[in-house]
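Following: one structure in structure tokens, then a few remarks.
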Amino acid sequence: MIDGVSLTTRIQRLAHVSELAMERLTQWTVGQIFPGLNPELNLLEIRLPARAVNALGRNSCSTAGDLIPLRLYELMEWRQIGVGTIDSILQALADSSASATTPTVTTLASSDEEQQPEAPPAQLASVIEDLRQIAAWYAVVGLPEQPLLGAPLPPGSPGLVLMARRRLEMLRAEEILDGESETDVAALFDKAFATLDKRAVDVLANRLFADAPLTLDEIGRSYGVTRERIRQIEGKARGAMLGFISEGGPLAMVADTARTLIGTIRPLDDLLALMPALGKAIDFVGQPVWRVLDGLDDAYEIEDRWCVVPTMQSAEMLTRTQLEERADQYGVARLDELDLVESSQPGRLPELTAAWLRRCGYIVDGDAVYTRVGSVGDYAAAVLSVGGSPLSGQEIVDRFSFDRSVGSVKNALSQDDRFERVDRDLWALREWGMDAYAGIRSVIREQVARSGGRASLNDLIEYITGRYTVTANSVIAYANMKPFEVQDGVVRLYSGNHEIRKAPASTRRLFRRADAWAYRVRITTDHLRGSGSAAPVAIAKIVGLQPGESRQLPSPLGPQLVAWTGTQPSFGTIRRFLMDQDIAVDTEAFLVLGDDGSFSFEPASEPVGQPLLDALSLTGAAHTLDPEGARRSLAVALGLPEPSPVISIIGAFRERGDEDIAELLVGIREHLDGRGSAERPKHRGNVDEILDLL
């Protein structure tokens, strides 16, 4: 109580109220902390220091009603306001609301006998007799200052003394209490709730402790009162219950012990193992003790069966910070290096730490936790770092916690400087310093060069199959392909460049522009997954590529790979272009190779049902309805002279295999020739005149 005491005591108690609110009630509203506060109270009429008045003014708070709906932490986050100012405001509000009484609360122990129950005389006498027996022995042997319990008995102590010590050490609480009921924390809470009226208990049960809390309006309608009245009831009842866990007594000791045991992060099951009574149900509200303590005490939170101090958000931030400090360059941290979870079972700490990290959204693999898995490259680097040895694309994918295709992973690794391909399908971290594998053709070229330009085919087979996972037949096949040749069992470089006979102008789906070549492709699911795709040999000629070589062409979205490391040229993944423009499967598009060595991507125009426009779309030319302009564009696309006749254009499309375009042009041939609108000659003679001429 604040009223009816001396001024000094009143000031001390107001300060205690303020301290308690800032320590444990930051999630409460001002109205809940001070339920008797008059909303119409003019804040300028209560005793406040100038800095507090200025702070209230800056935040447009002139009456208590402006403060009532605000949570305490919101006040504490006001700009240019210190904890001293908050303290002065809280003390003034407590002083102003002191005249309003909270629900009548009686102490849990109304007499000395209830506060300190005495053991039955016979049991107490037995305990005292055992203590006296040990004390007498200590005095006899000259150890009168020796503690009666805790320290070992002196050597040679008689059997009667040994039995007395054993009885004391095995003494159980229930023996002293003699089966006295209602002494655990759940029973004490029931007694505390019994001091409130039924409506106050129902409000707390449905607002603070329910699995699905009701709103103030919902509870108000059920009782036929306003939401403001329910808020007042909740605030007063909560304040009354908070007194039981804050102002001394067994419930306060339980609450303090729970806070201490939680530390920072502790599994609820472990807390219940240490304090089993926290799991018992409180009859008045139908909830376990731990749920009620969590609802009343802002010093910690219990969620998803994890206990954290002070909030789940701060515990997750602490976890993130510690992981960042412990993680290596690949974002991998070791469980045994983390100090996050409290437990009474040290042997289970790695298991419990892993469970907490998974709850926070991290991926745990054995004794390692991955902190950076936002991209395929980051995830793969972490997997290799943990594994410590090269892995195949499939082995890397198998360790992912989300679905990715092996092809997309390989493409990502091939374009990431952190990785080195060390076999046909084995990947390592570059920092390991392992020899790179660039394909069978490159290995053959390297070995031929080391042998002075000539290498035994058998030696190559033995070297390559022993070092890499390739077959002898594959080595033989590549050795017999340009740029190599085999004569009398000896492999050597083919003299001169590999001749690419098929010209770009003769290649199906490849069209010439003023300053580039455009290759038309149909987008497939493989493209969307990130796989590369085959390219005609003419592409190699355009970019100046020889077998065994690769090029990185600049593009608006980064380098684009074009390689000839297999049996034919290929394009690297174009997935980033598809994602950038939201391209769907079965869309026609052009891969454009500029004369300046650049690369770009553009979708083809959709067909419109007009043969001329659709033919232009299939070649990537600009739309036009002018027959002469269209004919010139089609001729240029084929690498023909602009004046080329339509019949030559149609024939060229057929010869190179672009039948779809040729068929479109056949139906409008006369239109392109400029004769589509000319009148046919009229025959004026009759049949007899014709016969006379014959």
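Convention: chains lettered A, B, ... in structure tokens order; per-chain residue numbering from 1; ligands numbered from 1 as shown.
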Skip stretch 465-473 of chain A itself and residues of its chain fewer than 5 positions away, then list as a list in words all residues within 9 Å of it, counting only C-alpha atoms.
Val422, Asp423, Arg424, Asp425, Tyr437, Ile440, Leu460 and Tyr478 of chain A
Tell me which protein, DNA and RNA residues are within 12 Å of A:Arg334, counting only C-alpha atoms, leaving out same-chain ones fewer than 6 positions away, and put them as a PDB file with C-alpha atoms, in the first residue's frame.
```pdb
ATOM      1  CA  GLN A 322      27.429 -15.819 -32.118  1.00  0.00           C
ATOM      2  CA  LEU A 323      27.155 -17.818 -35.353  1.00  0.00           C
ATOM      3  CA  GLU A 324      28.659 -14.952 -37.352  1.00  0.00           C
ATOM      4  CA  GLU A 325      31.568 -14.786 -34.911  1.00  0.00           C
ATOM      5  CA  ARG A 326      32.188 -18.555 -34.962  1.00  0.00           C
ATOM      6  CA  ALA A 327      31.596 -19.300 -38.676  1.00  0.00           C
ATOM      7  CA  ASP A 328      34.466 -19.878 -41.108  1.00  0.00           C
ATOM      8  CA  PRO A 350      25.041 -30.552 -28.961  1.00  0.00           C
ATOM      9  CA  THR A 353      21.842 -26.649 -29.602  1.00  0.00           C
ATOM     10  CA  ALA A 354      21.043 -28.266 -32.955  1.00  0.00           C
ATOM     11  CA  LEU A 357      19.264 -23.677 -34.348  1.00  0.00           C
ATOM     12  CA  ILE A 363      20.467 -25.957 -41.401  1.00  0.00           C
ATOM     13  CA  VAL A 364      22.356 -28.397 -39.203  1.00  0.00           C
ATOM     14  CA  ASP A 365      24.386 -31.215 -40.762  1.00  0.00           C
ATOM     15  CA  GLY A 366      25.935 -33.501 -38.163  1.00  0.00           C
ATOM     16  CA  ASP A 367      28.079 -31.312 -35.921  1.00  0.00           C
ATOM     17  CA  ALA A 368      28.083 -28.396 -38.373  1.00  0.00           C
ATOM     18  CA  VAL A 369      25.608 -25.569 -38.913  1.00  0.00           C
ATOM     19  CA  TYR A 370      25.323 -23.710 -42.219  1.00  0.00           C
ATOM     20  CA  THR A 371      24.741 -19.977 -41.881  1.00  0.00           C
ATOM     21  CA  ALA A 382      29.684 -25.039 -47.066  1.00  0.00           C
ATOM     22  CA  SER A 385      34.068 -27.318 -46.413  1.00  0.00           C
ATOM     23  CA  VAL A 386      32.379 -29.759 -44.008  1.00  0.00           C
TER      24      VAL A 386
END
```
Can you check which residues of stretch 180-424 of chain A DSSP gives as alpha helix (DSSP H) on the backbone and send them as JSON, numbers by chain?
{"A": [185, 186, 187, 188, 189, 190, 191, 192, 193, 198, 199, 200, 201, 202, 203, 204, 205, 206, 207, 216, 217, 218, 219, 220, 221, 222, 223, 227, 228, 229, 230, 231, 232, 233, 234, 235, 236, 237, 238, 239, 240, 241, 242, 243, 244, 250, 251, 252, 253, 254, 255, 256, 257, 258, 259, 260, 261, 262, 268, 269, 270, 271, 272, 273, 274, 289, 290, 291, 292, 293, 294, 295, 296, 312, 313, 314, 315, 316, 317, 318, 319, 320, 321, 322, 323, 324, 325, 326, 349, 350, 351, 352, 353, 354, 355, 356, 357, 358, 359, 376, 377, 378, 379, 380, 381, 382, 383, 384, 385, 386, 387, 393, 394, 395, 396, 397, 398, 406, 407, 408, 409, 410, 411, 412, 413, 414]}
Contact residues around stretch 90-94 of chain A with only C-alpha atoms at 6 Å, ignoring same-chain residues under 4 positions, as a list in words:
Leu14, Ser18 and Ala98 of chain A
Apply DSSP to the structure's backbone, then extract all residues of stretch 282-357 of chain A labelled strand (DSSP E) and return them as a count of residues only.
12
Coordinates-based distance that separates atom CA of A:Trp432 from atom CA of A:Phe571 (Å, one decimal)
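We find that atom CA of A:Phe571 and atom CA of A:Trp432 lie 28.9 Å from each other.
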Ranking A:Ser550, A:Thr524, A:Ser375, A:Asn59 by minimum distance to A:Gln568 and counting only C-alpha atoms, which one comes first?
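Among the listed residues, the smallest separation from A:Gln568 belongs to A:Ser550.
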Non-local contacts of A:Leu457 (6 Å; only C-alpha atoms; under 3 positions in same chain excluded) as a PyMOL selection string:
chain A and resi 460+489-491
Residue among A:Glu628, A:Asp660, A:Glu247, A:Asp283 lying closest to A:Val646, counting only C-alpha atoms:
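Ranked by minimum distance to A:Val646, first place goes to A:Glu628.
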For the contact check between stretch 426-543 of chain A and stretch 404-414 of chain A, emit one row per residue of stretch 426-543 of chain A within 6 Å, containing the shortest atom pair and the distance in Å rounded to one decimal, counting only C-alpha atoms, chain then rising number order, as JSON lines.
```
{"residue": "A:Arg529", "atom": "CA", "partner": "A:Ser408", "partner_atom": "CA", "distance": 5.9}
{"residue": "A:Gly530", "atom": "CA", "partner": "A:Ser408", "partner_atom": "CA", "distance": 4.7}
{"residue": "A:Ser531", "atom": "CA", "partner": "A:Gly407", "partner_atom": "CA", "distance": 5.4}
```
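The gap separating atom CA of A:Tyr73 from atom CA of A:Gly57 is 18.2 Å, in Å to one decimal.
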For A:Val341, work out the shell of residues within 7 Å, counting only C-alpha atoms and skipping chain neighbours fewer than 2 positions away, then give it as a PDB file with C-alpha atoms, in the first residue's frame.
```pdb
ATOM      1  CA  ILE A 265      17.987 -20.069 -23.660  1.00  0.00           C
ATOM      2  CA  ARG A 266      16.759 -23.320 -22.095  1.00  0.00           C
ATOM      3  CA  ASP A 339      27.594 -21.460 -26.120  1.00  0.00           C
ATOM      4  CA  SER A 343      20.868 -27.569 -19.828  1.00  0.00           C
ATOM      5  CA  THR A 353      21.842 -26.649 -29.602  1.00  0.00           C
TER       6      THR A 353
END
```
All residues 9 Å or closer to A:Ala15, only C-alpha atoms, same chain fewer than 3 positions away omitted, as a ChimeraX atom specification
/A:10-12,18-20,87-88,90-91
Preceding selection exported with N, CA, C and O atoms as a PDB file, in the first residue's frame:
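In the end it all went to selection_27.pdb:
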```pdb
ATOM      1  N   ARG A  10       6.481   6.386   1.365  1.00  0.00           N
ATOM      2  CA  ARG A  10       5.700   6.523   0.137  1.00  0.00           C
ATOM      3  C   ARG A  10       6.627   6.706  -1.063  1.00  0.00           C
ATOM      4  O   ARG A  10       6.454   6.078  -2.114  1.00  0.00           O
ATOM      5  N   ILE A  11       7.631   7.568  -0.902  1.00  0.00           N
ATOM      6  CA  ILE A  11       8.577   7.806  -1.993  1.00  0.00           C
ATOM      7  C   ILE A  11       9.320   6.514  -2.350  1.00  0.00           C
ATOM      8  O   ILE A  11       9.517   6.183  -3.522  1.00  0.00           O
ATOM      9  N   GLN A  12       9.719   5.774  -1.303  1.00  0.00           N
ATOM     10  CA  GLN A  12      10.429   4.523  -1.551  1.00  0.00           C
ATOM     11  C   GLN A  12       9.554   3.524  -2.307  1.00  0.00           C
ATOM     12  O   GLN A  12      10.019   2.849  -3.232  1.00  0.00           O
ATOM     13  N   SER A  18       8.020   1.866  -9.901  1.00  0.00           N
ATOM     14  CA  SER A  18       8.628   2.251 -11.170  1.00  0.00           C
ATOM     15  C   SER A  18       9.709   1.259 -11.594  1.00  0.00           C
ATOM     16  O   SER A  18       9.784   0.838 -12.754  1.00  0.00           O
ATOM     17  N   GLU A  19      10.552   0.874 -10.643  1.00  0.00           N
ATOM     18  CA  GLU A  19      11.637  -0.073 -10.946  1.00  0.00           C
ATOM     19  C   GLU A  19      11.069  -1.411 -11.411  1.00  0.00           C
ATOM     20  O   GLU A  19      11.540  -2.013 -12.381  1.00  0.00           O
ATOM     21  N   LEU A  20      10.036  -1.880 -10.712  1.00  0.00           N
ATOM     22  CA  LEU A  20       9.403  -3.143 -11.063  1.00  0.00           C
ATOM     23  C   LEU A  20       8.808  -3.080 -12.474  1.00  0.00           C
ATOM     24  O   LEU A  20       8.961  -4.011 -13.274  1.00  0.00           O
ATOM     25  N   ASP A  87      11.362   7.159 -15.337  1.00  0.00           N
ATOM     26  CA  ASP A  87      11.156   6.844 -13.924  1.00  0.00           C
ATOM     27  C   ASP A  87      10.296   7.912 -13.253  1.00  0.00           C
ATOM     28  O   ASP A  87       9.369   7.599 -12.490  1.00  0.00           O
ATOM     29  N   SER A  88      10.571   9.173 -13.551  1.00  0.00           N
ATOM     30  CA  SER A  88       9.789  10.250 -12.927  1.00  0.00           C
ATOM     31  C   SER A  88       8.333  10.213 -13.386  1.00  0.00           C
ATOM     32  O   SER A  88       7.416  10.461 -12.596  1.00  0.00           O
ATOM     33  N   LEU A  90       6.643   7.475 -14.402  1.00  0.00           N
ATOM     34  CA  LEU A  90       5.997   6.313 -13.802  1.00  0.00           C
ATOM     35  C   LEU A  90       5.686   6.559 -12.329  1.00  0.00           C
ATOM     36  O   LEU A  90       4.611   6.172 -11.832  1.00  0.00           O
ATOM     37  N   GLN A  91       6.595   7.199 -11.616  1.00  0.00           N
ATOM     38  CA  GLN A  91       6.333   7.471 -10.196  1.00  0.00           C
ATOM     39  C   GLN A  91       5.156   8.426 -10.038  1.00  0.00           C
ATOM     40  O   GLN A  91       4.309   8.248  -9.151  1.00  0.00           O
TER      41      GLN A  91
END
```
